[in-house]
Amino acid sequence: MTNSNHILKKLRAKGFSGVAGRAVADAFVACAADLVSESASVSLRAWWIPGRIEVLGKHTDYAGGRSLVCATDLGGAYVARVRQDASIRIHDLRTGLKERFDIHPELDTATGDWTNYPRTAARRLAYNFGFLKGADISFFSNLPLAAGMSSSSALIVAFSMILIELNHLRENPVYQEHIKDSESLAGYLGTVENGQTFGGLEGDAGVGTFGGSEDHTAILCAEPGLLKQYRFCPVVFEKTIAFPDDLVFIIANS
């Protein structure tokens, strides 16, 4: 994960433009270097977690509304390695902030800052699935904060996906019973954030706000060059609309 040109080639295959792709590739290299600097021999995994655009809709996903959504080329590059204990160590390369905690179903999440989100994800997954191995995580996000592009939900998705994949939860019978595809995973992660129960996966402390699963759905289910329409409670895919090649969305953040 040290060759930014190799990463850029893969990103372009996924729909990134040259400029946006280069920034993301460089972010992945920086995150990997941050982890490798602590250990000469590590096995790293990487995730790209984008922001989202609500093209049409009222964002009433918490009450069963419908929306037309897509993902953006702004987002977060996350690189992680699994630990053998239950500790989580996080380094935000953009701000330099660091966080450390142990995964536990009664983990304190009332931090009053961004660390509420990884703590909430870790607590809920431990509550629903039992013991989890921790991770060393380095990330860089260029999503503007509090700008309506799901920077908060992106954190829930990112840290949940890292723990799900590093702990092989997709092989867990309880996971398989309740989470069948990307749409149901998005629905579940919406309840991780808001604290509700998802099927037989009992609810727990959320982040303190009550939202739905639109953001998580767009982040997990969007595809390059497409707009996708979903309805919610539960998440149900309705249709896909091709986005014209000669148009782009311009987002102004005031």
# chains A, B, ... in the order shown; residues from 1 in each chain; ligands from 1
>>> residues_around(residues="region 73-79 of chain A", least_positions_apart="5", cutoff="6 Å", atoms="only C-alpha atoms", output="JSON, numbers by chain")
{"A": [28, 31, 45, 46, 47, 48, 49, 50, 51, 137, 138, 139, 140, 141, 142, 143]}
>>> write_last_selection(atoms="N, CA and C atoms", output="CSV table (one decimal), in the first residue's frame")
chain,number,residue,atom,x,y,z
A,28,PHE,N,-4.4,7.2,1.3
A,28,PHE,CA,-4.2,5.8,1.6
A,28,PHE,C,-2.7,5.5,1.9
A,31,CYS,N,-1.8,7.0,5.4
A,31,CYS,CA,-2.4,6.2,6.5
A,31,CYS,C,-1.6,4.9,6.6
A,45,ARG,N,-5.5,-3.6,5.9
A,45,ARG,CA,-6.7,-3.6,5.1
A,45,ARG,C,-7.1,-2.1,5.0
A,46,ALA,N,-7.7,-1.8,3.8
A,46,ALA,CA,-8.1,-0.4,3.5
A,46,ALA,C,-9.6,-0.3,3.1
A,47,TRP,N,-10.2,0.8,3.5
A,47,TRP,CA,-11.6,1.1,3.1
A,47,TRP,C,-11.7,2.5,2.7
A,48,TRP,N,-12.5,2.7,1.6
A,48,TRP,CA,-12.9,4.1,1.2
A,48,TRP,C,-14.3,4.3,1.6
A,49,ILE,N,-14.6,5.3,2.4
A,49,ILE,CA,-16.0,5.6,2.9
A,49,ILE,C,-16.3,7.0,2.5
A,50,PRO,N,-17.2,7.1,1.4
A,50,PRO,CA,-17.5,8.4,0.8
A,50,PRO,C,-18.6,9.2,1.6
A,51,GLY,N,-18.7,10.4,1.3
A,51,GLY,CA,-19.9,11.2,1.7
A,51,GLY,C,-21.0,10.9,0.8
A,137,ILE,N,-6.0,1.9,13.8
A,137,ILE,CA,-6.7,2.5,12.6
A,137,ILE,C,-6.1,3.9,12.4
A,138,SER,N,-5.7,4.1,11.1
A,138,SER,CA,-5.3,5.5,10.7
A,138,SER,C,-6.2,5.9,9.6
A,139,PHE,N,-6.7,7.2,9.7
A,139,PHE,CA,-7.6,7.6,8.6
A,139,PHE,C,-7.4,9.1,8.3
A,140,PHE,N,-7.8,9.5,7.1
A,140,PHE,CA,-7.7,10.8,6.6
A,140,PHE,C,-9.0,11.1,5.9
A,141,SER,N,-9.8,12.1,6.3
A,141,SER,CA,-11.1,12.4,5.7
A,141,SER,C,-11.1,13.9,5.2
A,142,ASN,N,-11.5,14.1,4.0
A,142,ASN,CA,-11.6,15.5,3.5
A,142,ASN,C,-13.1,15.9,3.4
A,143,LEU,N,-14.0,15.1,4.0
A,143,LEU,CA,-15.4,15.5,4.1
A,143,LEU,C,-15.6,16.8,4.9
>>> residues_around(residues="Ala242 (chain A)", least_positions_apart="4", cutoff="9 Å", atoms="only C-alpha atoms", output="PyMOL selection string")
chain A and resi 225-228
>>> closest_residue(among="A:Gly187, A:Gly212, A:Pro118, A:Gly21", to="Phe159 (chain A)", atoms="only C-alpha atoms")
A:Pro118
>>> residues_around(residues="Ala147 (chain A)", least_positions_apart="5", cutoff="12 Å", atoms="only C-alpha atoms", output="JSON, numbers by chain")
{"A": [51, 52, 53, 142, 152, 251, 252, 253, 254]}
>>> write_last_selection(atoms="C-alpha atoms", output="PDB file, in the first residue's frame")
ATOM      1  CA  GLY A  51     -19.895  11.197   1.732  1.00  0.00           C
ATOM      2  CA  ARG A  52     -23.337  11.282   0.168  1.00  0.00           C
ATOM      3  CA  ILE A  53     -25.582  13.644  -1.776  1.00  0.00           C
ATOM      4  CA  ASN A 142     -11.643  15.458   3.475  1.00  0.00           C
ATOM      5  CA  SER A 152     -21.006  11.762  11.031  1.00  0.00           C
ATOM      6  CA  ILE A 251     -21.654  21.394  -3.587  1.00  0.00           C
ATOM      7  CA  ALA A 252     -21.294  24.784  -1.881  1.00  0.00           C
ATOM      8  CA  ASN A 253     -20.516  24.654   1.834  1.00  0.00           C
ATOM      9  CA  SER A 254     -21.088  27.998   3.533  1.00  0.00           C
TER      10      SER A 254
END
>>> closest_atom_pairs(of="region 98-166 of chain A", to="region 81-87 of chain A", cutoff="9 Å", atoms="only C-alpha atoms", output="JSON lines")
{"residue": "A:Arg100", "atom": "CA", "partner": "A:Ser87", "partner_atom": "CA", "distance": 7.1}
{"residue": "A:Phe101", "atom": "CA", "partner": "A:Ser87", "partner_atom": "CA", "distance": 5.8}
{"residue": "A:Asp102", "atom": "CA", "partner": "A:Ser87", "partner_atom": "CA", "distance": 4.3}
{"residue": "A:Ile103", "atom": "CA", "partner": "A:Ala86", "partner_atom": "CA", "distance": 5.4}
{"residue": "A:His104", "atom": "CA", "partner": "A:Ala86", "partner_atom": "CA", "distance": 8.0}
{"residue": "A:Phe131", "atom": "CA", "partner": "A:Ala86", "partner_atom": "CA", "distance": 7.9}
{"residue": "A:Leu132", "atom": "CA", "partner": "A:Ala86", "partner_atom": "CA", "distance": 6.2}
{"residue": "A:Lys133", "atom": "CA", "partner": "A:Ala86", "partner_atom": "CA", "distance": 4.8}
{"residue": "A:Gly134", "atom": "CA", "partner": "A:Ala86", "partner_atom": "CA", "distance": 4.2}
{"residue": "A:Ala135", "atom": "CA", "partner": "A:Val82", "partner_atom": "CA", "distance": 4.4}
{"residue": "A:Asp136", "atom": "CA", "partner": "A:Arg81", "partner_atom": "CA", "distance": 5.4}
{"residue": "A:Ile137", "atom": "CA", "partner": "A:Arg81", "partner_atom": "CA", "distance": 6.8}
{"residue": "A:Leu163", "atom": "CA", "partner": "A:Val82", "partner_atom": "CA", "distance": 8.7}
{"residue": "A:Leu166", "atom": "CA", "partner": "A:Val82", "partner_atom": "CA", "distance": 6.1}
>>> write_last_selection(atoms="C-alpha atoms", output="JSON list (two decimals), in the first residue's frame")
[["chain", "number", "residue", "atom", "x", "y", "z"],
["A", 100, "ARG", "CA", -7.75, 4.81, 22.45],
["A", 101, "PHE", "CA", -10.33, 2.60, 24.17],
["A", 102, "ASP", "CA", -11.20, -1.04, 24.75],
["A", 103, "ILE", "CA", -14.21, -2.62, 23.04],
["A", 104, "HIS", "CA", -16.89, -3.53, 25.56],
["A", 131, "PHE", "CA", -16.07, -10.44, 21.95],
["A", 132, "LEU", "CA", -14.33, -8.52, 19.18],
["A", 133, "LYS", "CA", -10.66, -8.12, 18.39],
["A", 134, "GLY", "CA", -9.53, -4.52, 18.31],
["A", 135, "ALA", "CA", -7.63, -2.64, 15.64],
["A", 136, "ASP", "CA", -5.04, 0.03, 14.99],
["A", 137, "ILE", "CA", -6.68, 2.51, 12.63],
["A", 163, "LEU", "CA", -14.61, -4.23, 12.97],
["A", 166, "LEU", "CA", -11.38, -7.71, 10.73]]
>>> closest_residue(among="A:Arg124, A:Arg94, A:Arg66, A:Lys239", to="Asp108 (chain A)", atoms="only C-alpha atoms")
A:Arg124
>>> closest_residue(among="A:Thr240, A:Gln229, A:Thr115, A:Ser213", to="Ala63 (chain A)", atoms="only C-alpha atoms")
A:Ser213
>>> residues_around(residues="Arg170 (chain A)", least_positions_apart="6", cutoff="9 Å", atoms="only C-alpha atoms", output="PDB file with N, CA and C atoms, in the first residue's frame")
ATOM      1  N   ILE A 164     -16.304  -5.232  11.546  1.00  0.00           N
ATOM      2  CA  ILE A 164     -17.012  -6.359  10.923  1.00  0.00           C
ATOM      3  C   ILE A 164     -16.049  -7.210  10.104  1.00  0.00           C
ATOM      4  N   GLN A 176     -25.376 -13.524   9.873  1.00  0.00           N
ATOM      5  CA  GLN A 176     -25.973 -14.049   8.645  1.00  0.00           C
ATOM      6  C   GLN A 176     -27.491 -14.118   8.727  1.00  0.00           C
ATOM      7  N   ILE A 179     -28.442  -9.983   8.636  1.00  0.00           N
ATOM      8  CA  ILE A 179     -27.867  -9.062   7.654  1.00  0.00           C
ATOM      9  C   ILE A 179     -27.527  -9.855   6.403  1.00  0.00           C
TER      10      ILE A 179
END
>>> select_by_dssp(residues="region 95-197 of chain A", states="strand (DSSP E)", output="number ranges by chain")
A: 98-102, 135-141
>>> residues_around(residues="Ile7 (chain A)", least_positions_apart="3", cutoff="9 Å", atoms="only C-alpha atoms", output="JSON, numbers by chain")
{"A": [1, 2, 3, 4, 10, 11, 12, 21, 22, 24, 25, 26, 28, 29]}
>>> closest_residue(among="A:Arg89, A:Cys221, A:Phe129, A:Ala122", to="His168 (chain A)", atoms="only C-alpha atoms")
A:Phe129
>>> select_by_dssp(residues="region 60-144 of chain A", states="alpha helix (DSSP H)", output="PyMOL selection string")
chain A and resi 116-129
>>> write_last_selection(atoms="N, CA and C atoms", output="PDB file, in the first residue's frame")
ATOM      1  N   ASN A 116     -17.344   9.801  19.979  1.00  0.00           N
ATOM      2  CA  ASN A 116     -18.631   9.165  20.255  1.00  0.00           C
ATOM      3  C   ASN A 116     -18.977   8.142  19.174  1.00  0.00           C
ATOM      4  N   TYR A 117     -18.625   8.434  17.917  1.00  0.00           N
ATOM      5  CA  TYR A 117     -19.036   7.586  16.789  1.00  0.00           C
ATOM      6  C   TYR A 117     -18.291   6.252  16.747  1.00  0.00           C
ATOM      7  N   PRO A 118     -16.957   6.230  16.786  1.00  0.00           N
ATOM      8  CA  PRO A 118     -16.298   4.919  16.841  1.00  0.00           C
ATOM      9  C   PRO A 118     -16.621   4.158  18.117  1.00  0.00           C
ATOM     10  N   ARG A 119     -16.793   4.858  19.221  1.00  0.00           N
ATOM     11  CA  ARG A 119     -17.147   4.186  20.466  1.00  0.00           C
ATOM     12  C   ARG A 119     -18.538   3.553  20.371  1.00  0.00           C
ATOM     13  N   THR A 120     -19.485   4.275  19.787  1.00  0.00           N
ATOM     14  CA  THR A 120     -20.840   3.736  19.634  1.00  0.00           C
ATOM     15  C   THR A 120     -20.841   2.511  18.737  1.00  0.00           C
ATOM     16  N   ALA A 121     -20.094   2.564  17.631  1.00  0.00           N
ATOM     17  CA  ALA A 121     -20.016   1.413  16.726  1.00  0.00           C
ATOM     18  C   ALA A 121     -19.431   0.203  17.439  1.00  0.00           C
ATOM     19  N   ALA A 122     -18.345   0.401  18.170  1.00  0.00           N
ATOM     20  CA  ALA A 122     -17.693  -0.711  18.867  1.00  0.00           C
ATOM     21  C   ALA A 122     -18.592  -1.285  19.954  1.00  0.00           C
ATOM     22  N   ARG A 123     -19.248  -0.424  20.701  1.00  0.00           N
ATOM     23  CA  ARG A 123     -20.128  -0.878  21.787  1.00  0.00           C
ATOM     24  C   ARG A 123     -21.285  -1.707  21.239  1.00  0.00           C
ATOM     25  N   ARG A 124     -21.942  -1.212  20.176  1.00  0.00           N
ATOM     26  CA  ARG A 124     -23.109  -1.926  19.645  1.00  0.00           C
ATOM     27  C   ARG A 124     -22.714  -3.272  19.044  1.00  0.00           C
ATOM     28  N   LEU A 125     -21.612  -3.325  18.314  1.00  0.00           N
ATOM     29  CA  LEU A 125     -21.186  -4.595  17.727  1.00  0.00           C
ATOM     30  C   LEU A 125     -20.826  -5.603  18.811  1.00  0.00           C
ATOM     31  N   ALA A 126     -20.179  -5.148  19.870  1.00  0.00           N
ATOM     32  CA  ALA A 126     -19.870  -6.048  20.983  1.00  0.00           C
ATOM     33  C   ALA A 126     -21.145  -6.498  21.680  1.00  0.00           C
ATOM     34  N   TYR A 127     -22.114  -5.602  21.786  1.00  0.00           N
ATOM     35  CA  TYR A 127     -23.393  -5.912  22.431  1.00  0.00           C
ATOM     36  C   TYR A 127     -24.156  -6.964  21.636  1.00  0.00           C
ATOM     37  N   ASN A 128     -24.107  -6.867  20.309  1.00  0.00           N
ATOM     38  CA  ASN A 128     -24.864  -7.795  19.458  1.00  0.00           C
ATOM     39  C   ASN A 128     -24.118  -9.078  19.127  1.00  0.00           C
ATOM     40  N   PHE A 129     -22.772  -9.031  19.067  1.00  0.00           N
ATOM     41  CA  PHE A 129     -22.023 -10.181  18.551  1.00  0.00           C
ATOM     42  C   PHE A 129     -20.966 -10.737  19.505  1.00  0.00           C
TER      43      PHE A 129
END
>>> atom_distance(atom1="CA of Leu155 (chain A)", atom2="CA of Ala205 (chain A)")
16.0 Å
